[in-house]
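Here's input-v6.txt, which has compact mmCIF, C-alpha atoms and all ligand atoms:
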# COMPACT_ATOMS: atom_id res chain seq x y z
CA MET A 1 0.00 0.00 0.00
CA SER A 2 1.06 3.37 -0.91
CA ASP A 3 1.25 7.01 -0.03
CA PRO A 4 -2.28 8.08 0.93
CA SER A 5 -1.57 11.73 0.14
CA ALA A 6 -1.81 11.05 -3.60
CA GLU A 7 -5.46 10.13 -3.08
CA ALA A 8 -6.17 13.37 -1.31
CA GLU A 9 -4.60 15.29 -4.16
CA ASN A 10 -6.47 13.71 -6.97
CA LEU A 11 -9.71 12.01 -6.03
CA PRO A 12 -12.26 10.96 -8.62
CA ARG A 13 -15.59 12.78 -8.42
CA HIS A 14 -17.50 9.69 -9.44
CA VAL A 15 -16.57 6.03 -9.00
CA ALA A 16 -18.59 3.30 -10.74
CA ILE A 17 -18.17 -0.35 -9.75
CA ILE A 18 -19.00 -3.62 -11.51
CA MET A 19 -19.41 -5.80 -8.43
CA ASP A 20 -18.63 -9.18 -9.97
CA GLY A 21 -17.61 -12.61 -8.69
CA ASN A 22 -20.15 -13.28 -5.94
CA GLY A 23 -21.04 -16.67 -7.40
CA ARG A 24 -17.43 -17.74 -7.90
CA TRP A 25 -16.51 -16.64 -4.39
CA ALA A 26 -19.26 -18.85 -2.97
CA GLN A 27 -18.68 -21.82 -5.25
CA ARG A 28 -14.98 -21.93 -4.38
CA ARG A 29 -16.03 -22.37 -0.78
CA GLY A 30 -18.64 -25.00 -1.54
CA LEU A 31 -21.43 -22.56 -0.71
CA PRO A 32 -24.57 -21.77 -2.72
CA ARG A 33 -24.23 -18.74 -5.05
CA ILE A 34 -26.66 -16.71 -2.95
CA GLU A 35 -24.18 -16.83 -0.06
CA GLY A 36 -21.81 -14.87 -2.28
CA HIS A 37 -24.47 -12.24 -2.90
CA ARG A 38 -25.19 -12.11 0.82
CA ARG A 39 -21.53 -11.64 1.70
CA GLY A 40 -21.27 -9.00 -1.02
CA VAL A 41 -23.57 -6.74 0.99
CA ARG A 42 -20.78 -6.19 3.51
CA SER A 43 -18.49 -5.04 0.71
CA VAL A 44 -21.20 -2.66 -0.46
CA ARG A 45 -21.48 -1.12 3.01
CA GLU A 46 -17.74 -0.71 3.26
CA ALA A 47 -17.41 0.84 -0.21
CA VAL A 48 -20.25 3.28 0.46
CA GLU A 49 -18.77 4.32 3.79
CA THR A 50 -15.26 4.78 2.41
CA CYS A 51 -16.40 6.80 -0.61
CA ALA A 52 -18.73 8.93 1.52
CA ASP A 53 -15.99 9.61 4.09
CA LEU A 54 -13.60 10.65 1.34
CA GLY A 55 -16.19 13.14 0.12
CA LEU A 56 -16.74 11.69 -3.35
CA GLU A 57 -19.62 13.15 -5.28
CA GLN A 58 -21.05 9.88 -6.51
CA LEU A 59 -20.74 6.11 -6.24
CA THR A 60 -22.64 4.00 -8.79
CA LEU A 61 -22.95 0.27 -8.13
CA TYR A 62 -23.97 -2.30 -10.75
CA CYS A 63 -26.40 -4.50 -8.83
CA LEU A 64 -28.49 -6.13 -11.57
CA SER A 65 -28.05 -5.95 -15.32
CA SER A 66 -30.78 -6.28 -17.94
CA GLU A 67 -28.94 -9.45 -19.04
CA ASN A 68 -29.05 -11.01 -15.57
CA TRP A 69 -32.69 -12.05 -16.17
CA LYS A 70 -31.18 -15.04 -18.04
CA ARG A 71 -30.29 -16.53 -14.65
CA PRO A 72 -32.37 -19.16 -12.86
CA GLU A 73 -35.57 -17.87 -11.33
CA SER A 74 -34.53 -18.97 -7.84
CA GLU A 75 -31.31 -16.91 -7.89
CA LEU A 76 -33.15 -13.85 -9.20
CA ARG A 77 -35.84 -14.15 -6.54
CA ARG A 78 -33.26 -14.35 -3.78
CA LEU A 79 -31.26 -11.51 -5.24
CA LEU A 80 -34.33 -9.25 -5.34
CA ASN A 81 -35.23 -10.23 -1.76
CA LEU A 82 -31.72 -9.39 -0.66
CA LEU A 83 -31.95 -6.06 -2.41
CA GLU A 84 -35.25 -5.22 -0.73
CA GLN A 85 -33.80 -6.18 2.64
CA PHE A 86 -30.72 -4.05 1.98
CA LEU A 87 -32.85 -1.01 1.13
CA VAL A 88 -34.85 -1.36 4.34
CA GLU A 89 -31.88 -2.08 6.60
CA GLU A 90 -29.56 0.57 5.20
CA ARG A 91 -32.05 3.43 5.12
CA ALA A 92 -31.11 4.77 8.55
CA THR A 93 -27.38 4.56 7.75
CA ILE A 94 -27.89 6.29 4.40
CA MET A 95 -29.74 9.08 6.21
CA ARG A 96 -27.11 9.35 8.92
CA GLN A 97 -24.43 9.63 6.24
CA GLY A 98 -26.46 12.33 4.51
CA LEU A 99 -26.41 10.49 1.17
CA ARG A 100 -28.72 11.15 -1.74
CA PHE A 101 -30.10 7.91 -3.11
CA ALA A 102 -30.83 7.29 -6.79
CA THR A 103 -31.29 4.38 -9.18
CA ILE A 104 -30.76 3.93 -12.91
CA GLY A 105 -32.34 1.22 -15.05
CA ARG A 106 -35.79 0.07 -16.05
CA ARG A 107 -38.43 -0.40 -13.38
CA GLU A 108 -40.22 -3.15 -15.31
CA GLY A 109 -39.34 -6.57 -13.92
CA LEU A 110 -38.39 -5.34 -10.46
CA THR A 111 -40.69 -6.56 -7.68
CA ASP A 112 -43.27 -4.29 -6.05
CA GLY A 113 -41.36 -4.59 -2.79
CA VAL A 114 -38.09 -3.41 -4.33
CA LEU A 115 -39.81 -0.54 -6.17
CA ARG A 116 -41.57 0.56 -2.98
CA GLU A 117 -38.33 0.60 -0.96
CA ILE A 118 -36.46 2.43 -3.76
CA ASP A 119 -39.15 5.12 -3.91
CA ARG A 120 -39.14 5.54 -0.14
CA THR A 121 -35.39 5.95 0.04
CA VAL A 122 -35.28 8.34 -2.93
CA GLU A 123 -38.01 10.46 -1.34
CA LEU A 124 -36.49 10.41 2.14
CA THR A 125 -32.99 11.35 0.98
CA ARG A 126 -34.07 13.92 -1.61
CA ASP A 127 -32.72 16.96 0.29
CA ASN A 128 -29.50 15.39 1.51
CA SER A 129 -26.35 17.04 0.26
CA LYS A 130 -23.55 14.49 0.62
CA MET A 131 -22.51 11.81 -1.86
CA ARG A 132 -25.07 10.44 -4.32
CA LEU A 133 -25.39 6.67 -3.98
CA CYS A 134 -26.73 5.34 -7.25
CA LEU A 135 -27.72 1.70 -7.77
CA ALA A 136 -27.90 0.34 -11.31
CA LEU A 137 -30.86 -2.04 -11.17
CA ASN A 138 -32.22 -3.83 -14.20
CA TYR A 139 -29.76 -1.60 -16.02
CA GLY A 140 -28.50 -2.02 -19.57
CA ALA A 141 -26.56 0.69 -21.36
CA ARG A 142 -27.80 -0.13 -24.83
CA SER A 143 -31.44 0.08 -23.82
CA GLU A 144 -30.67 3.33 -21.98
CA ILE A 145 -29.22 4.75 -25.21
CA ALA A 146 -32.16 3.44 -27.27
CA ASP A 147 -34.61 4.96 -24.74
CA ALA A 148 -32.85 8.32 -25.03
CA ALA A 149 -32.90 8.19 -28.84
CA ARG A 150 -36.62 7.40 -28.79
CA ALA A 151 -37.40 10.23 -26.37
CA ILE A 152 -35.45 12.71 -28.51
CA ALA A 153 -37.09 11.45 -31.73
CA ARG A 154 -40.51 12.03 -30.14
CA ARG A 155 -39.58 15.60 -29.23
CA VAL A 156 -38.33 16.24 -32.76
CA ALA A 157 -41.50 14.73 -34.25
CA ALA A 158 -43.58 16.96 -31.96
CA GLY A 159 -41.72 20.01 -33.26
CA GLU A 160 -40.25 20.75 -29.83
CA LEU A 161 -36.68 20.25 -31.05
CA SER A 162 -34.92 20.49 -34.37
CA PRO A 163 -32.57 17.68 -35.51
CA ASP A 164 -29.80 20.28 -35.31
CA ASP A 165 -30.40 20.64 -31.57
CA VAL A 166 -29.25 17.05 -31.00
CA ASP A 167 -25.72 17.25 -29.65
CA GLU A 168 -23.77 15.38 -26.96
CA GLU A 169 -25.14 17.51 -24.15
CA LEU A 170 -28.76 17.13 -25.20
CA PHE A 171 -28.28 13.41 -25.66
CA ALA A 172 -26.72 13.04 -22.20
CA ASP A 173 -29.68 14.93 -20.73
CA HIS A 174 -31.98 12.17 -21.97
CA LEU A 175 -30.05 9.32 -20.36
CA TYR A 176 -31.00 7.87 -16.95
CA THR A 177 -27.89 9.61 -15.65
CA SER A 178 -29.02 13.10 -16.63
CA GLY A 179 -27.49 15.59 -14.22
CA MET A 180 -24.85 13.16 -12.92
CA PRO A 181 -21.12 13.55 -13.62
CA ASP A 182 -19.52 10.85 -15.80
CA PRO A 183 -17.55 8.23 -13.83
CA ASP A 184 -13.88 9.12 -13.53
CA LEU A 185 -12.94 5.67 -12.32
CA LEU A 186 -14.51 2.32 -13.25
CA ILE A 187 -13.64 -0.59 -10.98
CA ARG A 188 -14.38 -4.22 -11.82
CA THR A 189 -13.83 -7.11 -9.42
CA ALA A 190 -13.25 -10.80 -10.29
CA GLY A 191 -10.90 -10.19 -13.17
CA GLU A 192 -13.04 -10.08 -16.32
CA MET A 193 -11.81 -7.55 -18.85
CA ARG A 194 -15.19 -6.46 -20.10
CA ILE A 195 -17.83 -3.81 -19.61
CA SER A 196 -20.96 -6.03 -19.58
CA ASN A 197 -23.29 -3.32 -20.93
CA TYR A 198 -22.51 -0.86 -18.11
CA LEU A 199 -22.65 2.91 -18.68
CA LEU A 200 -21.37 2.72 -22.26
CA TRP A 201 -21.95 6.38 -23.02
CA GLN A 202 -20.74 7.66 -19.64
CA ILE A 203 -17.44 5.76 -19.39
CA SER A 204 -16.06 7.09 -22.66
CA TYR A 205 -13.07 8.60 -20.79
CA SER A 206 -13.19 6.75 -17.46
CA GLU A 207 -10.04 5.21 -16.07
CA ILE A 208 -10.45 1.44 -15.70
CA TRP A 209 -9.10 -0.61 -12.80
CA VAL A 210 -9.65 -4.37 -12.54
CA THR A 211 -8.82 -6.63 -9.61
CA GLU A 212 -8.77 -10.44 -9.42
CA LYS A 213 -10.49 -10.27 -6.03
CA CYS A 214 -14.13 -11.27 -5.99
CA TRP A 215 -16.66 -8.74 -4.74
CA PRO A 216 -17.30 -10.39 -1.32
CA GLU A 217 -13.59 -10.10 -0.50
CA PHE A 218 -13.20 -6.52 -1.76
CA ARG A 219 -12.27 -4.49 1.32
CA GLU A 220 -11.42 -0.88 2.06
CA PRO A 221 -7.67 -1.32 1.30
CA ASP A 222 -8.58 -2.65 -2.16
CA LEU A 223 -10.67 0.42 -2.84
CA LYS A 224 -7.84 2.61 -1.58
CA ASP A 225 -5.48 0.80 -3.98
CA ALA A 226 -7.82 1.60 -6.86
CA LEU A 227 -8.01 5.26 -5.81
CA HIS A 228 -4.27 5.43 -5.50
CA ALA A 229 -3.79 3.94 -8.97
CA TYR A 230 -6.30 6.47 -10.29
CA ALA A 231 -4.44 9.36 -8.69
CA ALA A 232 -1.30 8.39 -10.61
CA ARG A 233 -3.02 8.16 -14.02
CA ASP A 234 -2.30 10.72 -16.67
CA ARG A 235 -5.71 11.66 -18.08
CA ARG A 236 -5.09 13.27 -21.42
CA PHE A 237 -8.57 13.21 -22.99
CA GLY A 238 -6.93 13.08 -26.37
CA GLY A 239 -4.66 16.03 -25.63
CA LEU A 240 -1.11 16.14 -24.33
CA SER A 241 0.19 15.86 -20.77
CA PRO A 242 0.60 19.20 -19.03
CA GLN A 243 4.34 19.91 -18.74
C1 LIG A 301 -22.09 -10.37 -9.43
O1 LIG A 301 -21.69 -11.66 -9.14
C2 LIG A 301 -23.48 -10.06 -8.93
C3 LIG A 301 -24.51 -10.02 -9.97
C4 LIG A 301 -24.30 -10.11 -11.26
C5 LIG A 301 -25.88 -9.87 -9.53
P1 LIG A 301 -22.04 -12.88 -10.07
O2 LIG A 301 -23.31 -13.49 -9.60
O3 LIG A 301 -22.02 -12.48 -11.50
O4 LIG A 301 -20.83 -13.85 -9.76
P2 LIG A 301 -20.00 -14.71 -10.79
O5 LIG A 301 -19.53 -13.78 -11.86
O6 LIG A 301 -20.95 -15.75 -11.31
O7 LIG A 301 -18.89 -15.28 -10.00
C1 LIG A 302 -22.12 -7.67 -14.51
O1 LIG A 302 -21.77 -8.94 -14.07
C2 LIG A 302 -23.43 -7.27 -13.88
C3 LIG A 302 -23.37 -6.97 -12.44
C4 LIG A 302 -22.32 -6.95 -11.70
C5 LIG A 302 -24.65 -6.66 -11.84
P1 LIG A 302 -22.16 -10.24 -14.88
O2 LIG A 302 -21.66 -11.40 -14.10
O3 LIG A 302 -23.61 -10.23 -15.20
O4 LIG A 302 -21.35 -10.05 -16.23
P2 LIG A 302 -20.87 -11.11 -17.30
O5 LIG A 302 -22.03 -12.02 -17.60
O6 LIG A 302 -19.72 -11.86 -16.70
O7 LIG A 302 -20.45 -10.29 -18.47
MG MG A 303 -20.56 -12.40 -12.90
Written as structure tokens, that's how I'd like the structure from this file.
Amino acid sequence: MSDPSAEAENLPRHVAIIMDGNGRWAQRRGLPRIEGHRRGVRSVREAVETCADLGLEQLTLYCLSSENWKRPESELRRLLNLLEQFLVEERATIMRQGLRFATIGRREGLTDGVLREIDRTVELTRDNSKMRLCLALNYGARSEIADAARAIARRVAAGELSPDDVDEELFADHLYTSGMPDPDLLIRTAGEMRISNYLLWQISYSEIWVTEKCWPEFREPDLKDALHAYAARDRRFGGLSPQ
């Protein structure tokens, strides 16, 4: 582990995480996959607390993708139950931490219980001013982009907008993430070198950091390692390094 001052100098505003490897973590220990999801909740708590304490603006966690519906019904049911339980149990902590809660993704397919607890937490935390905690639930970047294109096309057809008004900024305003900063740092656990349909538009210039550790074993020092690596990156955005 390294010099913590580098983190203080150059923190990301927004960290997005692909929390992967719950199933593998469990299976390696001879446990059912759901145990991995359950143990992953502790890592979520720790990541939220660390990012909030550091004063980040936003943390976005990939909890359920639009592709995850391909999984067995029993795993999905347990995952959604766990999510509902998390939302109920963490509400007081989220309030104490002063976090603003948000979600991105399609509501269709989520259970009534999950939707109810999401809405309650969003409403309750609306006026908080600390970090935004955003959960990507039933989220898929391609459908997000298609939804935005459809919404813009409707506005053009209605005469509200001209085709010439469609630029990057207007497009971004029609995504689920409208008003949120793009992620500066994208973390993926469990070693896969892929994006899995996460935030395709928003990560166009994010720094990527991948660890072999599975999500249930991802602890605060691992997050600090990622932040430290980020602090040392030279973000050029197509330009040249400042001299
Ligand atoms: C990530 O862990 C959590 C979700 C996708 C909901 P996985 O369940 O994908 O775990 P692995 O990748 O099978 O190990
Ligand atoms: C990405 O993990 C989705 C979440 C972490 C919620 P997956 O396990 O679904 O991704 P793939 O299937 O390995 O690409
Ligand atoms: Mg996985």
(message) Neighbouring residues of Leu61 in chain A were defined as those with any atom within 7 Å, considering all atoms listed in the file; residues of the same chain fewer than 2 positions away were excluded. Please report them as a list in words.
(response) Ala16, Ile17, Ile18, Leu59, Cys63, Cys134, Leu135 and Ala136 of chain A
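Considering only C-alpha atoms, the residue among A:Cys214, A:Leu240, A:Leu227, A:Ile145 positioned nearest to Arg28 in chain A is A:Cys214.
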(request) Take CA of Asp112 in chain A and atom C5 of ligand LIG 301 (chain A) and report the distance between them in Å, one decimal. (result) 18.6 Å
(message) If the limit is 10 Å from any atom of ligand LIG 302 (chain A), counting all atoms listed in the file, which residues qualify? Return them as a ChimeraX atom specification.
(response) /A:17-24,61-71,135-140,188-198,215
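Proximity to Arg33 in chain A was assessed for A:Arg233, A:Arg78, A:Arg106, A:Arg120 counting all atoms listed in the file; the smallest distance is recorded for A:Arg78.
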(request) In the coordinates of the file, take the point (-41.2, -7.9, -4.7) and a cut-off of 8 Å; then, counting all atoms listed in the file, name each qualifying protein, DNA or RNA residue as a VMD selection string. (result) chain A and resid 80 to 81 84 110 to 115
(message) So, with only C-alpha atoms as the atoms that count, which of A:Leu200, A:Glu168, A:Thr103, A:Val15 lies closest to Ala141 in chain A?
(response) A:Leu200
How big is the axis-aligned box around the listed atoms of range 121-129 of chain A once 8 Å is added on each side, and where is its centre? Give both in Å to one decimal, as JSON.
{"center_x": -32.2, "center_y": 11.5, "center_z": -0.4, "size_x": 27.7, "size_y": 27.1, "size_z": 21.1}
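What separates CA of Phe86 in chain A from CA of Arg39 in chain A is a distance of 11.9 Å.
Closest approach to ligand LIG 301 (chain A) among A:Gly98, A:Gly159, A:Pro183, A:Pro216 is made by A:Pro216 (distances from all atoms listed in the file).
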(message) Using only C-alpha atoms and all ligand atoms, can you tell me which of A:His37, A:Ser178, A:Glu207, A:Arg235 comes closest to ligand MG 303 (chain A)?
(response) A:His37
(request) Could you tell me how far CA of Thr93 in chain A lies from CA of Leu31 in chain A, in Å and to one decimal? (result) 29.0 Å
Would you kindly return, as a CSV table (one decimal) with C-alpha atoms, keeping the file's coordinate frame, each protein, DNA or RNA residue with an atom no farther than 10 Å from any atom of Ile152 in chain A, considering all atoms listed in the file and excluding same-chain residues fewer than 2 positions away?
chain,number,residue,atom,x,y,z
A,146,ALA,CA,-32.2,3.4,-27.3
A,147,ASP,CA,-34.6,5.0,-24.7
A,148,ALA,CA,-32.8,8.3,-25.0
A,149,ALA,CA,-32.9,8.2,-28.8
A,150,ARG,CA,-36.6,7.4,-28.8
A,154,ARG,CA,-40.5,12.0,-30.1
A,155,ARG,CA,-39.6,15.6,-29.2
A,156,VAL,CA,-38.3,16.2,-32.8
A,157,ALA,CA,-41.5,14.7,-34.2
A,158,ALA,CA,-43.6,17.0,-32.0
A,160,GLU,CA,-40.2,20.8,-29.8
A,161,LEU,CA,-36.7,20.2,-31.0
A,162,SER,CA,-34.9,20.5,-34.4
A,163,PRO,CA,-32.6,17.7,-35.5
A,165,ASP,CA,-30.4,20.6,-31.6
A,166,VAL,CA,-29.2,17.0,-31.0
A,170,LEU,CA,-28.8,17.1,-25.2
A,171,PHE,CA,-28.3,13.4,-25.7
A,173,ASP,CA,-29.7,14.9,-20.7
A,174,HIS,CA,-32.0,12.2,-22.0
